[in-house]
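Chemist: Provided herewith is a single structure, encoded as structure tokens, for subsequent inquiry.
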Amino acid sequence: MAKSSVPKVGQKAPDFELPDADMKTHKLSDYRGKKIVLAFFPAAESPVCTAEMCMLRDSMDELRDYGAQVLGISIDGPFSNKFFTVNRHLNFPVLSDYDRKVISKYGIVMKNLASLKDYNAAKRSVFILDGHGKVRYRWVSDNPLVEPNYAEIKEFLKNN
């Protein structure tokens, strides 16, 4: 299978179908008509991922005011994500890309997370999609310790 590249601004985001922490399936196409914030993160309950997901949790009212729906996505299994969402009181779906197909489709595979050979996780990434499923904003970090610019994300959602 050819390696996918990161979707560019203006391109249609690859569709997917993933289970949430309660094993309910979510398709990206189910969210057409809404702005979507796809927040890919490397590992549930790790310090930086926890800070990022909690920042999104704490910003949900504002993000909803801008018409946005957040979807968190990691390679963690639904059971780990369940613990994470309950433990951190996350107020948006956290989806499990346990077979790593979606991070491959999006071209955001981080190889050897924390020097664990062959443990491939998601690069910390944020994609904002418009109501037609097109990428309007993208941010991808090669450093799992770097958080996205939350003010920039909010500003983008407010103005688009």
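Chain labels run A, B, ... following the order of the structure tokens; each chain numbers its residues from 1, and ligands are numbered from 1 in the order shown.
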What are the closest atom pairs, with distances in Å to one decimal, for all residues of segment 42-81 of chain A lying within 7 Å of segment 118-139 of chain A? Consider only C-alpha atoms, order rows by chain and residue number, and present the result as CSV.

Modeler:
residue,atom,partner,partner_atom,distance
A:Pro42,CA,A:Ala122,CA,4.8
A:Ser74,CA,A:Ala122,CA,6.4
A:Ile75,CA,A:Ala121,CA,6.0

Chemist: Within 10 Å of segment 25-33 of chain A, which residues of segment 44-112 of chain A come that close, and what is the closest atom pair and distance in Å for each? Count only C-alpha atoms and give it as CSV.

Modeler:
residue,atom,partner,partner_atom,distance
A:Gly67,CA,A:Gly33,CA,9.8
A:Gln69,CA,A:Tyr31,CA,8.3
A:Leu71,CA,A:Leu28,CA,9.3
A:Pro93,CA,A:His26,CA,8.8
A:Val94,CA,A:His26,CA,10.0
A:Leu95,CA,A:His26,CA,7.9
A:Ser96,CA,A:Thr25,CA,9.8

Chemist: Using C-alpha atoms, can you export the residues from the last selection as a CSV table (one decimal), in the first residue's frame?

Modeler:
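See selection25.csv below for the written result:
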chain,number,residue,atom,x,y,z
A,67,GLY,CA,-20.3,25.7,14.9
A,69,GLN,CA,-17.7,19.5,16.6
A,71,LEU,CA,-13.4,14.4,17.4
A,93,PRO,CA,-16.1,11.6,21.1
A,94,VAL,CA,-12.7,10.0,21.3
A,95,LEU,CA,-12.3,7.5,18.5
A,96,SER,CA,-10.1,4.5,18.3

Chemist: Let me make sure I understand: among A:Ser46, A:Gln11, A:Tyr66, A:Met23, which one has the smallest atom-to-atom distance to Phe156 of chain A if we use only C-alpha atoms?

Modeler: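 Answer, going by the shortest atom-to-atom distance: A:Tyr66.
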
Chemist: Determine which residues of segment 53-110 of chain A receive a DSSP assignment of strand (DSSP E), computed from the backbone, and state them as number ranges by chain.

Modeler: A: 68-74, 94-96, 109-110

Chemist: Would you please work out which residue, of A:Lys12, A:Arg100, A:Lys82, A:Arg88, is nearest to Ala51 of chain A when using only C-alpha atoms?

Modeler: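 Distance minimum relative to Ala51 of chain A lands on A:Arg88.
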